[in-house]
Amino acid sequence: MKLSLGRGRLLPLAILVVAVFTASLLVLVGLGILVIPTAPKPTLRVLGGDIWIAQGSTSHGGGWFGPSYLNITTPADGYPLNVTVGGSFGVSVTLDNFDTVSHTVYSASVNSPFRITGTFPTLPFPVSAGTDSGVFRFTVAVPDSAGAALWLNLTVNALTP
């Protein structure tokens with residue numbers, strides 16, 4: 001017995017094979033097994049930064065929260081840091097209240113083109129006298145400046161607004 005595929009049967013069979021192949025590819029992509037490569041997202045580089053704490057002085061002459069200036073530029077601090085353009089990163093600051101009265105952190109700001117998009121804990125936040133407040137975390141958004149190398153200046157304000 002001879003199997004014959006005439007033109008009338010060959011075209012529907014070819015369409016069926018292409019449809020099954022296409023459906024199989026779509027299922028594999030949908031399941032995440034077959035991944036379509038994408039170009040890497042552009043980044044910018046945060047070289048490091050300075051943290052300024054606007055604060056008053058204790059009766060002993062030191063700042064309520066210790067030094068008014070901190071520099072964050074070393075690999076131990078996590079810098080330099082590559083961030084996807086339009087993304088964000090976190091900056092943590094530990095504030096110990098060395099004074100005998102409570103002081104409040106009212107606000108925080110950063111230099112342009114950065115912007116603060118969140119804080120934890122939410123500001124304003126009181127820091128009890130003589131205690132370690134723990135870690136303040138500031139979420140900083142970066143601009144859409146691919147390839148830029150930027151310096152961060154973060155100001156933490158504990159003075160009455």
# chains A, B, ... in the order shown; residues from 1 in each chain; ligands from 1
>>> closest_atom_pairs(of="region 53-101 of chain A", to="region 145-148 of chain A", cutoff="10 Å", atoms="only C-alpha atoms", output="JSON lines")
{"residue": "A:Asn82", "atom": "CA", "partner": "A:Gly147", "partner_atom": "CA", "distance": 9.5}
{"residue": "A:Val83", "atom": "CA", "partner": "A:Ala146", "partner_atom": "CA", "distance": 9.5}
{"residue": "A:Thr84", "atom": "CA", "partner": "A:Ala146", "partner_atom": "CA", "distance": 8.2}
{"residue": "A:Val85", "atom": "CA", "partner": "A:Ala146", "partner_atom": "CA", "distance": 6.0}
{"residue": "A:Gly86", "atom": "CA", "partner": "A:Ser145", "partner_atom": "CA", "distance": 8.2}
>>> write_last_selection(atoms="all heavy atoms", output="compact mmCIF listing (two decimals), in the first residue's frame")
# COMPACT_ATOMS: atom_id res chain seq x y z
N ASN A 82 25.89 50.73 41.49
CA ASN A 82 25.22 50.85 40.18
C ASN A 82 23.73 50.63 40.37
O ASN A 82 23.33 49.62 40.93
CB ASN A 82 25.78 49.83 39.19
CG ASN A 82 27.20 50.14 38.81
OD1 ASN A 82 27.55 51.29 38.58
ND2 ASN A 82 28.04 49.13 38.76
N VAL A 83 22.93 51.59 39.89
CA VAL A 83 21.48 51.54 40.06
C VAL A 83 20.83 51.66 38.69
O VAL A 83 21.24 52.50 37.87
CB VAL A 83 20.99 52.68 40.98
CG1 VAL A 83 19.50 52.58 41.22
CG2 VAL A 83 21.75 52.70 42.30
N THR A 84 19.82 50.86 38.44
CA THR A 84 19.07 50.95 37.19
C THR A 84 18.43 52.33 37.10
O THR A 84 17.84 52.80 38.08
CB THR A 84 17.97 49.87 37.14
OG1 THR A 84 18.59 48.60 37.27
CG2 THR A 84 17.20 49.93 35.83
N VAL A 85 18.56 52.99 35.94
CA VAL A 85 17.99 54.33 35.80
C VAL A 85 16.49 54.28 36.11
O VAL A 85 15.80 53.33 35.76
CB VAL A 85 18.23 54.94 34.40
CG1 VAL A 85 19.71 55.13 34.16
CG2 VAL A 85 17.62 54.10 33.31
N GLY A 86 16.02 55.31 36.80
CA GLY A 86 14.63 55.37 37.22
C GLY A 86 14.33 54.50 38.42
O GLY A 86 13.21 54.50 38.92
>>> residues_around(residues="Gly118 (chain A)", least_positions_apart="6", cutoff="8 Å", atoms="only C-alpha atoms", output="list of chain:residue names")
A:Phe138, A:Thr139, A:Val140
>>> atom_distance(atom1="CA of Val156 (chain A)", atom2="CA of Gly56 (chain A)")
12.3 Å
>>> closest_residue(among="A:Pro161, A:Gly48, A:Pro143, A:Gly32", to="Ser88 (chain A)", atoms="only C-alpha atoms")
A:Pro143
>>> closest_residue(among="A:Gln55, A:Ser109, A:Ser102, A:Thr74", to="Thr160 (chain A)", atoms="only C-alpha atoms")
A:Gln55
>>> residues_around(residues="Asn111 (chain A)", least_positions_apart="3", cutoff="7 Å", atoms="only C-alpha atoms", output="JSON, numbers by chain")
{"A": [114, 152, 153, 154]}
>>> residues_around(residues="Gly66 (chain A)", least_positions_apart="2", cutoff="12 Å", atoms="only C-alpha atoms", output="JSON, numbers by chain")
{"A": [52, 53, 54, 55, 56, 57, 58, 60, 61, 62, 63, 64, 68, 69, 70, 93, 94, 95, 96, 97, 98, 99, 130, 132]}
>>> select_by_dssp(residues="chain A", states="helix (DSSP H, G or I)", output="NGL selection string")
:A and (7-30 or 75-77)
>>> select_by_dssp(residues="chain A", states="strand (DSSP E or B)", output="JSON, numbers by chain")
{"A": [43, 44, 45, 46, 47, 48, 49, 50, 51, 52, 53, 54, 57, 63, 69, 70, 71, 72, 81, 82, 83, 84, 88, 89, 90, 91, 92, 93, 94, 95, 96, 103, 104, 105, 107, 108, 109, 110, 115, 116, 117, 118, 119, 120, 125, 126, 127, 132, 133, 134, 135, 136, 137, 138, 139, 140, 141, 149, 150, 151, 152, 153, 154, 155, 156, 157]}
>>> write_last_selection(atoms="C-alpha atoms", output="JSON list (two decimals), in the first residue's frame")
[["chain", "number", "residue", "atom", "x", "y", "z"],
["A", 43, "THR", "CA", 22.41, 52.10, 34.90],
["A", 44, "LEU", "CA", 23.97, 55.07, 36.57],
["A", 45, "ARG", "CA", 26.66, 55.03, 39.24],
["A", 46, "VAL", "CA", 26.28, 56.51, 42.72],
["A", 47, "LEU", "CA", 29.89, 57.17, 43.73],
["A", 48, "GLY", "CA", 29.16, 57.75, 47.41],
["A", 49, "GLY", "CA", 27.70, 60.44, 49.54],
["A", 50, "ASP", "CA", 27.67, 62.78, 52.48],
["A", 51, "ILE", "CA", 25.09, 62.71, 55.24],
["A", 52, "TRP", "CA", 24.50, 65.98, 57.08],
["A", 53, "ILE", "CA", 22.53, 66.00, 60.33],
["A", 54, "ALA", "CA", 20.94, 69.35, 61.19],
["A", 57, "SER", "CA", 24.06, 70.48, 70.90],
["A", 63, "GLY", "CA", 25.58, 66.97, 68.75],
["A", 69, "TYR", "CA", 28.65, 64.82, 59.19],
["A", 70, "LEU", "CA", 29.06, 61.27, 57.91],
["A", 71, "ASN", "CA", 30.78, 60.19, 54.71],
["A", 72, "ILE", "CA", 29.63, 57.05, 52.88],
["A", 81, "LEU", "CA", 26.73, 51.55, 43.61],
["A", 82, "ASN", "CA", 25.22, 50.85, 40.18],
["A", 83, "VAL", "CA", 21.48, 51.54, 40.06],
["A", 84, "THR", "CA", 19.07, 50.95, 37.19],
["A", 88, "SER", "CA", 15.89, 53.47, 43.74],
["A", 89, "PHE", "CA", 18.24, 52.42, 46.52],
["A", 90, "GLY", "CA", 18.29, 52.63, 50.31],
["A", 91, "VAL", "CA", 20.46, 54.70, 52.62],
["A", 92, "SER", "CA", 20.56, 53.72, 56.29],
["A", 93, "VAL", "CA", 21.54, 56.02, 59.15],
["A", 94, "THR", "CA", 21.70, 55.01, 62.81],
["A", 95, "LEU", "CA", 20.93, 57.85, 65.21],
["A", 96, "ASP", "CA", 21.74, 57.55, 68.91],
["A", 103, "HIS", "CA", 14.50, 65.03, 69.90],
["A", 104, "THR", "CA", 12.51, 64.55, 66.72],
["A", 105, "VAL", "CA", 13.75, 63.88, 63.21],
["A", 107, "SER", "CA", 12.44, 65.63, 57.57],
["A", 108, "ALA", "CA", 15.11, 64.55, 55.13],
["A", 109, "SER", "CA", 16.18, 65.90, 51.76],
["A", 110, "VAL", "CA", 18.62, 65.01, 48.99],
["A", 115, "ARG", "CA", 14.65, 62.49, 45.40],
["A", 116, "ILE", "CA", 13.43, 60.76, 48.56],
["A", 117, "THR", "CA", 10.47, 58.48, 47.93],
["A", 118, "GLY", "CA", 10.09, 56.98, 51.39],
["A", 119, "THR", "CA", 11.38, 56.80, 54.95],
["A", 120, "PHE", "CA", 11.25, 54.19, 57.65],
["A", 125, "PHE", "CA", 9.84, 60.50, 64.35],
["A", 126, "PRO", "CA", 10.81, 61.17, 67.99],
["A", 127, "VAL", "CA", 14.06, 59.71, 69.31],
["A", 132, "ASP", "CA", 19.55, 54.12, 70.32],
["A", 133, "SER", "CA", 16.80, 54.83, 67.82],
["A", 134, "GLY", "CA", 17.83, 52.01, 65.58],
["A", 135, "VAL", "CA", 18.18, 52.48, 61.88],
["A", 136, "PHE", "CA", 16.49, 55.15, 59.78],
["A", 137, "ARG", "CA", 16.12, 54.02, 56.18],
["A", 138, "PHE", "CA", 15.67, 56.50, 53.37],
["A", 139, "THR", "CA", 14.59, 55.30, 49.92],
["A", 140, "VAL", "CA", 16.25, 57.45, 47.27],
["A", 141, "ALA", "CA", 15.08, 57.48, 43.64],
["A", 149, "ALA", "CA", 28.24, 59.19, 37.92],
["A", 150, "LEU", "CA", 26.58, 61.08, 40.75],
["A", 151, "TRP", "CA", 27.31, 62.09, 44.36],
["A", 152, "LEU", "CA", 24.55, 61.93, 46.98],
["A", 153, "ASN", "CA", 24.07, 64.60, 49.66],
["A", 154, "LEU", "CA", 21.46, 63.58, 52.26],
["A", 155, "THR", "CA", 20.37, 66.05, 54.93],
["A", 156, "VAL", "CA", 18.54, 64.76, 58.00],
["A", 157, "ASN", "CA", 16.71, 67.60, 59.79]]
>>> closest_residue(among="A:Leu159, A:Leu28, A:Ala14, A:Val101", to="Ser59 (chain A)", atoms="only C-alpha atoms")
A:Val101
>>> atom_distance(atom1="CA of Phe65 (chain A)", atom2="CA of Thr100 (chain A)")
11.4 Å
